[in-house]
Amino acid sequence: MTDPIAWLILLPLFWATAAFLLGPGRGARLAIAALLAQCGLALQLAADVIDGGARTHAVGGWGAPLGIDLAVGGLSALMLVLTQAIALPLAVYARAYFADGAPAVRYFWTLTGFLLAGLNALFLAADLFNLYVTLELVGLAAVGLVAAGGSARQVAAALRYLFAALVGSVMYLLGVALIYGAHGTVSLQTLAPLVDARAPAAVWIACGLMLAGLMLKTAIFPFHYWLPPAHGGAPAPVSALLSALVVKASFYLILRLSLEVFAPLAATAATALGLLGAAAIAWGSWQALRTVHIKMLVAWSTVAQLGYLFLVFPLLAPDGLALQAGVMQAIAHGLAKAAMFAAVGVLMLATGRDTLEGLAGVAGRMPLTLFAFGLAGVTLMGLPPSGGFLAKWLLIEAALTHGQWGWVAVVIAGGLLAAAYVFRVLRQAFLLAPADSPFHPVPRSMEWTAFVLATASMLLGLQGVELMSLLAAGS
Amino acid sequence: MIPLLKRAAVILAAASFAGALVFAMLDLPAPGVHLPAAVEANMAASGVAHPVTAVLLNFRGYDTLLEVGVLLLALLGVLAVGARATPPAPAPGEPVKRMFARLAAPLMVLVAVYLLWAGAIQPGGAFQAGAVLGAAAVLLHLTGILPGWGAPGLRLRAGLAAGFLIFLVVAGALLAQGAVLAYPPAQAGRLILLIEAGLTVSLGLILAGLFLALSRDSGDEA
């Protein structure tokens, strides 16, 4: 009755629907209360996994392959904890951000509820077709959040995003159909022993299609074109949710499928994925160094940081170092980027401007928010003791262990580039403001949530051992 | 010259991909798992007599629950972009078309109810019935009888969400049986009919809404 696996999916669906019934703009308090409960559920599930290892929940009592199984292991439990831990502070932040009743808030809470339900369902799914449905939930909710508000630029960004998300979904679905044709099942557990390196052409094509579709959704270079306008143009709480969590979901799926079912085929594309990751770091950082809009800078930084996630693939090995590095990077970047978008949202509300130039003087006026931005920046650069440092350290260790020196250079260069674009913001913030520049007060709760998220990303490195033991549990 | 080259490249890429797919299909092995047999073996416990309905509402009912959420989300996305405060007034349609719509709409509702009921034993069910209901609403809108939608009021929101909410409540309540959507075989038929009835109304409204909420002009120009 109280299986957290079930309630992590049902609860957000309930409050999303309730928020819709309550009416446009309503449901903030309900969402925050429910998210507190979801945090508890996710932590309980993580504790269960540490104690009892991986387990499944057979929906309908049928069991795979006839029915659908939900499964939780160390990796999915970590992602669930991360999702709820980022969503709760962002909900508090969003409540204050939308207090003025802007048009974007009308369906914000119900769309966010569906988004979180979709993410939780995705992390718990153990069935290729069920994964497709969760991808659709996540994708459509995210597109709705970007489009909300309805300015021409937002709708254009949302449409671009919608096309990318739909093409990605269709490619994934075609892959699922081919797999079903070849093996007669879509359950991951049933499929795993059936797929080997001598797979028929249909399975190879399916594997390629699913990988390409998920890469499009993850916005890895060169499929990143839709991300900066979508993440840079949305309201700050939406950008934070999208950059911190949504792109991680499809990465999680690539990682999980290549570790489990498609492990015999995955090595083929590993080096190519690593090279794309390196290209993403270079191109995303370069664009972040050039842009004049502060939010676009943070969005381009997401493009760059996603690159690190793909450096993991050529280094995946039984020693598990690269897997740890990838998961650590996903968590650290999730927290840091949520903090960064939240902080930038505060700065933009306070100065009323969206360019780097407009930031002059915020160091004196909003030290807490600027400090939060700086802390998040430290995580992106990879300085100790941040989670980003631990992720890059593990990545370098994995590269050295396997004698693949090239990736070490990429990781170090990426950290320097991150430092360069973070300091662009900090330098501007410490300049003196023109005397006549307007300044609007911002609710303290927004400043503090940004700070809490940034601090979490910073102190994450100190909790590395605990997190990695959860990752190892039940895998 | 460039567009021509581009077009040729696209055609070539699409054709070779299609060729690869055909090749893969010809090379398809015999599936290792035969699910239709498992469906057949469990039909008695499913509560319905038609295998497609049994898969959609029972064996893989969880997929369907989330899919209904996806449909509701699609409408939410449309509403979020730009719901108007007041719906446009319906333009007067032509008398013959109006007459036809007034005759056809009640019949379409009847067809929807039939399709819903038939789903238990033959092809049909909530999705088909909802599509017919949605089409009836679109017909009424096109002939100027039903106005386009503004921001939906409480009653309309309740109607849009009812199907999903009933499904969700049933899924949650059945956790007492040990798992989400674990119908007790004796009650499965009745619960599935309850869910499908709710879905028919809500899916009809959602599908109609995708059209009526987007219809900037009413009547014949829509």
# chains A, B, ... in the order shown; residues from 1 in each chain; ligands from 1
call {"tool": "closest_atom_pairs", "arguments": {"of": "region 54-142 of chain B", "to": "region 198-203 of chain B", "cutoff": "9 Å", "atoms": "only C-alpha atoms", "output": "Markdown table"}}
result
| residue | atom | partner | partner_atom | distance |
| --- | --- | --- | --- | --- |
| B:Val68 | CA | B:Leu203 | CA | 8.0 |
| B:Leu71 | CA | B:Leu203 | CA | 7.9 |
| B:Leu72 | CA | B:Leu203 | CA | 8.3 |
| B:Ala112 | CA | B:Thr200 | CA | 8.0 |
| B:Val113 | CA | B:Thr200 | CA | 8.5 |
| B:Leu116 | CA | B:Thr200 | CA | 7.3 |
| B:Gly125 | CA | B:Thr200 | CA | 8.1 |
| B:Ala126 | CA | B:Thr200 | CA | 4.7 |
| B:Phe127 | CA | B:Thr200 | CA | 6.6 |
| B:Gln128 | CA | B:Thr200 | CA | 8.2 |
| B:Ala129 | CA | B:Thr200 | CA | 5.8 |
| B:Gly130 | CA | B:Thr200 | CA | 4.4 |
| B:Ala131 | CA | B:Leu203 | CA | 7.1 |
| B:Leu133 | CA | B:Val201 | CA | 7.6 |
| B:Gly134 | CA | B:Leu203 | CA | 7.5 |
call {"tool": "select_by_dssp", "arguments": {"residues": "region 120-364 of chain A", "states": "strand (DSSP E or B)", "output": "list in words"}}
result
Ala125, Asp127, Ser187, His293 and Thr355 of chain A
call {"tool": "residues_around", "arguments": {"residues": "region 184-195 of chain B", "least_positions_apart": "4", "cutoff": "10 Å", "atoms": "only C-alpha atoms", "output": "compact mmCIF listing (two decimals) with N, CA and C atoms, in the first residue's frame"}}
result
# COMPACT_ATOMS: atom_id res chain seq x y z
N GLY A 60 -0.20 -4.10 -12.00
CA GLY A 60 -1.31 -4.98 -12.34
C GLY A 60 -1.11 -6.39 -11.82
N GLY A 61 0.05 -6.66 -11.23
CA GLY A 61 0.29 -7.99 -10.69
C GLY A 61 0.60 -9.04 -11.75
N ALA B 44 -9.16 -14.96 -19.40
CA ALA B 44 -10.25 -15.25 -18.45
C ALA B 44 -10.17 -14.35 -17.23
N ALA B 45 -8.95 -13.99 -16.82
CA ALA B 45 -8.79 -13.17 -15.62
C ALA B 45 -8.82 -11.68 -15.93
N SER B 46 -8.95 -11.31 -17.23
CA SER B 46 -8.80 -9.90 -17.59
C SER B 46 -10.07 -9.09 -17.38
N GLY B 47 -11.22 -9.75 -17.32
CA GLY B 47 -12.47 -9.02 -17.11
C GLY B 47 -13.14 -8.56 -18.38
N VAL B 48 -12.48 -8.70 -19.53
CA VAL B 48 -13.10 -8.36 -20.82
C VAL B 48 -12.87 -9.51 -21.79
N ALA B 49 -13.60 -9.47 -22.92
CA ALA B 49 -13.52 -10.60 -23.84
C ALA B 49 -12.70 -10.30 -25.08
N THR B 53 -8.66 -4.79 -25.89
CA THR B 53 -9.10 -4.09 -24.69
C THR B 53 -8.40 -4.64 -23.46
N ALA B 54 -8.21 -5.97 -23.43
CA ALA B 54 -7.53 -6.57 -22.28
C ALA B 54 -6.11 -6.04 -22.14
N LEU B 57 -6.33 -1.97 -21.29
CA LEU B 57 -6.88 -1.54 -20.00
C LEU B 57 -6.43 -2.41 -18.84
N ASN B 58 -5.93 -3.61 -19.12
CA ASN B 58 -5.56 -4.46 -17.99
C ASN B 58 -4.07 -4.79 -18.01
N GLY B 61 -2.35 -1.63 -18.74
CA GLY B 61 -3.19 -0.48 -18.38
C GLY B 61 -2.38 0.72 -17.92
N LEU B 65 -2.84 4.60 -18.87
CA LEU B 65 -3.01 5.67 -17.88
C LEU B 65 -2.10 6.86 -18.22
N LEU B 116 -18.28 2.37 -27.07
CA LEU B 116 -17.76 2.16 -25.73
C LEU B 116 -18.18 0.78 -25.22
N TRP B 117 -19.47 0.47 -25.40
CA TRP B 117 -20.00 -0.79 -24.91
C TRP B 117 -19.42 -1.98 -25.68
N GLY B 119 -16.59 -2.29 -26.99
CA GLY B 119 -15.16 -2.51 -26.75
C GLY B 119 -14.87 -3.75 -25.93
N ALA B 120 -15.83 -4.17 -25.10
CA ALA B 120 -15.58 -5.32 -24.25
C ALA B 120 -15.46 -6.61 -25.04
N GLY B 125 -14.15 0.78 -28.00
CA GLY B 125 -13.67 1.20 -26.68
C GLY B 125 -13.59 2.70 -26.56
N ALA B 126 -12.96 3.14 -25.47
CA ALA B 126 -13.01 4.55 -25.08
C ALA B 126 -12.36 5.47 -26.11
N ALA B 162 -11.82 14.43 -15.66
CA ALA B 162 -12.53 13.36 -14.97
C ALA B 162 -12.02 11.97 -15.36
N GLY B 163 -11.88 11.73 -16.66
CA GLY B 163 -11.47 10.41 -17.12
C GLY B 163 -10.13 10.01 -16.55
N PHE B 164 -9.17 10.94 -16.62
CA PHE B 164 -7.83 10.66 -16.09
C PHE B 164 -7.89 10.45 -14.58
N LEU B 165 -8.68 11.29 -13.90
CA LEU B 165 -8.74 11.22 -12.43
C LEU B 165 -9.37 9.91 -11.97
N ILE B 166 -10.44 9.48 -12.65
CA ILE B 166 -11.07 8.20 -12.28
C ILE B 166 -10.06 7.06 -12.44
N PHE B 167 -9.36 7.07 -13.56
CA PHE B 167 -8.34 6.06 -13.85
C PHE B 167 -7.29 6.07 -12.74
N LEU B 168 -6.86 7.27 -12.38
CA LEU B 168 -5.80 7.43 -11.38
C LEU B 168 -6.27 6.94 -10.01
N VAL B 169 -7.50 7.29 -9.65
CA VAL B 169 -8.03 6.87 -8.34
C VAL B 169 -8.14 5.35 -8.29
N VAL B 170 -8.62 4.75 -9.38
CA VAL B 170 -8.72 3.29 -9.42
C VAL B 170 -7.32 2.68 -9.29
N LEU B 174 -6.28 0.40 -6.04
CA LEU B 174 -5.95 -1.02 -6.21
C LEU B 174 -4.58 -1.37 -5.63
N GLN B 177 -4.51 -4.05 -3.30
CA GLN B 177 -4.39 -5.43 -3.78
C GLN B 177 -2.92 -5.84 -3.95
N LEU B 199 -13.21 7.87 -19.51
CA LEU B 199 -12.28 8.25 -20.58
C LEU B 199 -13.02 8.73 -21.81
N THR B 200 -14.15 8.09 -22.14
CA THR B 200 -14.89 8.47 -23.34
C THR B 200 -15.27 9.95 -23.27
call {"tool": "atom_distance", "arguments": {"atom1": "CA of Asp196 (chain A)", "atom2": "CA of Gly320 (chain A)"}}
result
21.4 Å
call {"tool": "interface_residues", "arguments": {"of": "chain A", "to": "chain B", "cutoff": "8 Å", "atoms": "only C-alpha atoms", "output": "ChimeraX atom specification"}}
result
/A:1,6,10,13-14,17,20-23,57-62,65-68,104,106-107,111,114,130,133-134,136-137,140-141,143-145,147-150,155,181-185,194,200-202,205
call {"tool": "write_last_selection", "arguments": {"atoms": "N, CA and C atoms", "output": "tab-separated table (two decimals), in the first residue's frame"}}
result
chain	number	residue	atom	x	y	z
A	1	MET	N	0.83	-1.21	0.00
A	1	MET	CA	0.00	0.00	0.00
A	1	MET	C	0.86	1.26	0.00
A	6	ALA	N	5.36	3.14	-6.34
A	6	ALA	CA	4.07	3.52	-6.92
A	6	ALA	C	3.75	4.98	-6.63
A	10	LEU	N	2.31	8.17	-8.77
A	10	LEU	CA	0.90	8.55	-8.61
A	10	LEU	C	0.74	9.92	-7.96
A	13	LEU	N	1.06	12.89	-10.23
A	13	LEU	CA	-0.09	12.89	-11.16
A	13	LEU	C	-1.32	13.45	-10.45
A	14	PHE	N	-1.50	13.07	-9.19
A	14	PHE	CA	-2.65	13.57	-8.44
A	14	PHE	C	-2.58	15.08	-8.28
A	17	THR	N	-3.19	17.03	-11.51
A	17	THR	CA	-4.60	17.10	-11.89
A	17	THR	C	-5.35	18.04	-10.96
A	20	PHE	N	-4.83	21.57	-11.89
A	20	PHE	CA	-5.62	21.92	-13.08
A	20	PHE	C	-7.06	22.23	-12.68
A	21	LEU	N	-7.62	21.39	-11.77
A	21	LEU	CA	-9.00	21.61	-11.35
A	21	LEU	C	-9.13	22.90	-10.54
A	22	LEU	N	-8.12	23.20	-9.71
A	22	LEU	CA	-8.18	24.41	-8.89
A	22	LEU	C	-8.24	25.67	-9.75
A	23	GLY	N	-7.64	25.60	-10.93
A	23	GLY	CA	-7.75	26.73	-11.84
A	23	GLY	C	-6.41	27.37	-12.14
A	57	HIS	N	8.38	-3.65	-9.09
A	57	HIS	CA	6.98	-3.56	-8.73
A	57	HIS	C	6.22	-3.97	-9.99
A	58	ALA	N	5.50	-5.10	-9.92
A	58	ALA	CA	4.79	-5.59	-11.10
A	58	ALA	C	3.43	-4.91	-11.18
A	59	VAL	N	3.30	-3.91	-12.09
A	59	VAL	CA	2.04	-3.19	-12.22
A	59	VAL	C	0.94	-4.16	-12.66
A	60	GLY	N	-0.20	-4.10	-12.00
A	60	GLY	CA	-1.31	-4.98	-12.34
A	60	GLY	C	-1.11	-6.39	-11.82
A	61	GLY	N	0.05	-6.66	-11.23
A	61	GLY	CA	0.29	-7.99	-10.69
A	61	GLY	C	0.60	-9.04	-11.75
A	62	TRP	N	0.78	-8.62	-13.02
A	62	TRP	CA	1.00	-9.60	-14.09
A	62	TRP	C	2.45	-10.03	-14.19
A	65	PRO	N	6.92	-10.59	-19.15
A	65	PRO	CA	6.71	-9.65	-20.25
A	65	PRO	C	5.23	-9.35	-20.56
A	66	LEU	N	4.27	-10.05	-19.94
A	66	LEU	CA	2.87	-9.75	-20.27
A	66	LEU	C	2.50	-8.37	-19.74
A	67	GLY	N	2.82	-8.11	-18.50
A	67	GLY	CA	2.51	-6.82	-17.91
A	67	GLY	C	3.71	-5.90	-17.97
A	68	ILE	N	3.66	-4.84	-17.16
A	68	ILE	CA	4.75	-3.87	-17.13
A	68	ILE	C	5.36	-3.90	-15.74
A	104	ALA	N	2.56	33.36	-17.62
A	104	ALA	CA	3.25	32.06	-17.69
A	104	ALA	C	2.86	31.14	-16.54
A	106	ARG	N	-0.17	30.47	-15.46
A	106	ARG	CA	-1.52	29.90	-15.53
A	106	ARG	C	-1.53	28.39	-15.42
A	107	TYR	N	-0.68	27.72	-16.20
A	107	TYR	CA	-0.66	26.27	-16.16
A	107	TYR	C	0.68	25.74	-15.64
A	111	LEU	N	1.51	21.71	-15.23
A	111	LEU	CA	2.52	21.19	-16.16
A	111	LEU	C	3.74	20.65	-15.41
A	114	PHE	N	2.97	17.20	-14.00
A	114	PHE	CA	3.07	16.16	-15.03
A	114	PHE	C	4.53	15.91	-15.40
A	130	ASN	N	7.02	1.43	-22.34
A	130	ASN	CA	6.65	2.29	-21.23
A	130	ASN	C	7.59	3.50	-21.16
A	133	VAL	N	6.40	6.15	-23.49
A	133	VAL	CA	5.29	6.94	-22.96
A	133	VAL	C	5.80	7.98	-21.96
A	134	THR	N	6.75	7.57	-21.11
A	134	THR	CA	7.27	8.54	-20.13
A	134	THR	C	8.05	9.65	-20.84
A	136	GLU	N	7.31	10.86	-23.71
A	136	GLU	CA	6.29	11.76	-24.24
A	136	GLU	C	5.75	12.68	-23.14
A	137	LEU	N	5.51	12.10	-21.96
A	137	LEU	CA	5.03	12.92	-20.84
A	137	LEU	C	6.03	14.03	-20.54
A	140	LEU	N	6.29	16.62	-23.68
A	140	LEU	CA	5.16	17.53	-23.88
A	140	LEU	C	5.02	18.51	-22.72
A	141	ALA	N	5.25	18.03	-21.48
A	141	ALA	CA	5.16	18.94	-20.35
A	141	ALA	C	6.23	20.02	-20.47
A	143	VAL	N	7.69	21.15	-23.23
A	143	VAL	CA	7.35	22.07	-24.32
A	143	VAL	C	6.26	23.03	-23.84
A	144	GLY	N	5.26	22.51	-23.13
A	144	GLY	CA	4.19	23.36	-22.61
A	144	GLY	C	4.74	24.44	-21.68
A	145	LEU	N	5.71	24.07	-20.85
A	145	LEU	CA	6.30	25.04	-19.92
A	145	LEU	C	7.06	26.12	-20.66
A	147	ALA	N	6.43	27.10	-23.75
A	147	ALA	CA	5.50	27.91	-24.54
A	147	ALA	C	4.67	28.83	-23.67
A	148	ALA	N	4.48	28.45	-22.39
A	148	ALA	CA	3.59	29.22	-21.52
A	148	ALA	C	4.04	30.66	-21.45
A	149	GLY	N	3.10	31.53	-21.45
A	149	GLY	CA	3.44	32.95	-21.49
A	149	GLY	C	3.05	33.50	-22.84
A	150	GLY	N	3.38	32.72	-23.88
A	150	GLY	CA	2.80	32.98	-25.18
A	150	GLY	C	3.39	34.13	-25.96
A	155	VAL	N	6.99	31.08	-28.11
A	155	VAL	CA	6.29	30.08	-28.89
A	155	VAL	C	7.21	29.52	-29.98
A	181	GLY	N	9.61	-6.52	-33.08
A	181	GLY	CA	9.54	-7.42	-34.22
A	181	GLY	C	10.59	-8.52	-34.15
A	182	ALA	N	11.79	-8.16	-33.66
A	182	ALA	CA	12.88	-9.12	-33.65
A	182	ALA	C	12.79	-10.09	-32.48
A	183	HIS	N	12.35	-9.59	-31.31
A	183	HIS	CA	12.40	-10.44	-30.12
A	183	HIS	C	11.06	-10.72	-29.47
A	184	GLY	N	10.00	-10.01	-29.90
A	184	GLY	CA	8.67	-10.30	-29.39
A	184	GLY	C	8.40	-9.80	-27.99
A	185	THR	N	9.28	-8.94	-27.45
A	185	THR	CA	9.03	-8.39	-26.12
A	185	THR	C	9.68	-7.02	-26.02
A	194	LEU	N	18.53	-11.86	-24.53
A	194	LEU	CA	18.29	-12.16	-25.95
A	194	LEU	C	19.22	-11.38	-26.88
A	200	PRO	N	20.61	-9.48	-35.13
A	200	PRO	CA	20.19	-9.26	-36.52
A	200	PRO	C	20.19	-7.77	-36.86
A	201	ALA	N	20.17	-7.49	-38.19
A	201	ALA	CA	20.26	-6.10	-38.66
A	201	ALA	C	19.20	-5.22	-38.01
A	202	ALA	N	18.00	-5.77	-37.82
A	202	ALA	CA	16.91	-4.96	-37.27
A	202	ALA	C	17.28	-4.40	-35.89
A	205	ILE	N	19.84	-1.57	-36.29
A	205	ILE	CA	19.18	-0.33	-36.74
A	205	ILE	C	18.38	0.27	-35.59
call {"tool": "residues_around", "arguments": {"residues": "Ala409 (chain A)", "least_positions_apart": "2", "cutoff": "12 Å", "atoms": "only C-alpha atoms", "output": "VMD selection string"}}
result
chain A and resid 278 281 to 282 311 392 395 to 396 399 to 400 404 to 407 411 to 416
call {"tool": "closest_residue", "arguments": {"among": "A:Met446, A:Ala433, A:Ala28, A:Ala46", "to": "Gly101 (chain A)", "atoms": "only C-alpha atoms"}}
result
A:Ala28
call {"tool": "atom_distance", "arguments": {"atom1": "CA of Ala420 (chain A)", "atom2": "CA of Pro367 (chain A)"}}
result
20.6 Å
call {"tool": "residues_around", "arguments": {"residues": "Val238 (chain A)", "least_positions_apart": "4", "cutoff": "9 Å", "atoms": "only C-alpha atoms", "output": "number ranges by chain"}}
result
A: 90, 94, 108, 112, 142, 145-146, 231, 234, 242-243, 341
call {"tool": "residues_around", "arguments": {"residues": "Ala266 (chain A)", "least_positions_apart": "3", "cutoff": "9 Å", "atoms": "only C-alpha atoms", "output": "VMD selection string"}}
result
chain A and resid 207 257 to 259 262 to 263 269 to 270 313
call {"tool": "decode", "arguments": {"residues": "region 22-71 of chain B", "atoms": "C-alpha atoms", "output": "mmCIF file, in the first residue's frame"}}
result
data_model
loop_
_atom_site.group_PDB
_atom_site.id
_atom_site.type_symbol
_atom_site.label_atom_id
_atom_site.label_comp_id
_atom_site.auth_asym_id
_atom_site.auth_seq_id
_atom_site.Cartn_x
_atom_site.Cartn_y
_atom_site.Cartn_z
ATOM 1 C CA VAL B 22 13.290 -3.488 -45.778
ATOM 2 C CA PHE B 23 16.511 -5.492 -45.643
ATOM 3 C CA ALA B 24 16.228 -5.698 -41.855
ATOM 4 C CA MET B 25 12.616 -6.834 -42.032
ATOM 5 C CA LEU B 26 13.468 -9.616 -44.478
ATOM 6 C CA ASP B 27 16.204 -10.767 -42.127
ATOM 7 C CA LEU B 28 13.967 -10.797 -39.037
ATOM 8 C CA PRO B 29 14.499 -13.815 -36.767
ATOM 9 C CA ALA B 30 11.671 -15.783 -35.188
ATOM 10 C CA PRO B 31 10.801 -13.862 -31.974
ATOM 11 C CA GLY B 32 12.044 -15.529 -28.788
ATOM 12 C CA VAL B 33 8.956 -14.481 -26.838
ATOM 13 C CA HIS B 34 5.396 -15.081 -28.021
ATOM 14 C CA LEU B 35 3.158 -12.624 -26.159
ATOM 15 C CA PRO B 36 -0.157 -13.312 -27.964
ATOM 16 C CA ALA B 37 -0.140 -16.752 -26.352
ATOM 17 C CA ALA B 38 0.331 -15.199 -22.903
ATOM 18 C CA VAL B 39 -2.531 -12.784 -23.602
ATOM 19 C CA GLU B 40 -4.741 -15.678 -24.698
ATOM 20 C CA ALA B 41 -3.896 -17.660 -21.564
ATOM 21 C CA ASN B 42 -4.823 -14.789 -19.238
ATOM 22 C CA MET B 43 -7.974 -13.571 -21.009
ATOM 23 C CA ALA B 44 -10.245 -15.255 -18.454
ATOM 24 C CA ALA B 45 -8.793 -13.171 -15.620
ATOM 25 C CA SER B 46 -8.803 -9.902 -17.592
ATOM 26 C CA GLY B 47 -12.466 -9.016 -17.110
ATOM 27 C CA VAL B 48 -13.098 -8.359 -20.816
ATOM 28 C CA ALA B 49 -13.524 -10.597 -23.845
ATOM 29 C CA HIS B 50 -11.550 -8.676 -26.466
ATOM 30 C CA PRO B 51 -7.761 -9.092 -26.413
ATOM 31 C CA VAL B 52 -6.972 -5.509 -27.498
ATOM 32 C CA THR B 53 -9.101 -4.094 -24.690
ATOM 33 C CA ALA B 54 -7.534 -6.570 -22.275
ATOM 34 C CA VAL B 55 -4.019 -5.411 -23.214
ATOM 35 C CA LEU B 56 -4.894 -1.698 -23.220
ATOM 36 C CA LEU B 57 -6.882 -1.539 -19.999
ATOM 37 C CA ASN B 58 -5.559 -4.459 -17.995
ATOM 38 C CA PHE B 59 -2.228 -6.080 -18.918
ATOM 39 C CA ARG B 60 -0.671 -2.783 -20.024
ATOM 40 C CA GLY B 61 -3.189 -0.483 -18.382
ATOM 41 C CA TYR B 62 -0.373 1.556 -16.837
ATOM 42 C CA ASP B 63 0.806 2.616 -20.310
ATOM 43 C CA THR B 64 -2.739 3.690 -21.126
ATOM 44 C CA LEU B 65 -3.009 5.670 -17.883
ATOM 45 C CA LEU B 66 0.108 7.639 -18.787
ATOM 46 C CA GLU B 67 -1.037 8.019 -22.419
ATOM 47 C CA VAL B 68 -4.253 9.655 -21.248
ATOM 48 C CA GLY B 69 -2.045 11.991 -19.234
ATOM 49 C CA VAL B 70 -0.149 12.750 -22.464
ATOM 50 C CA LEU B 71 -3.405 13.651 -24.249
#
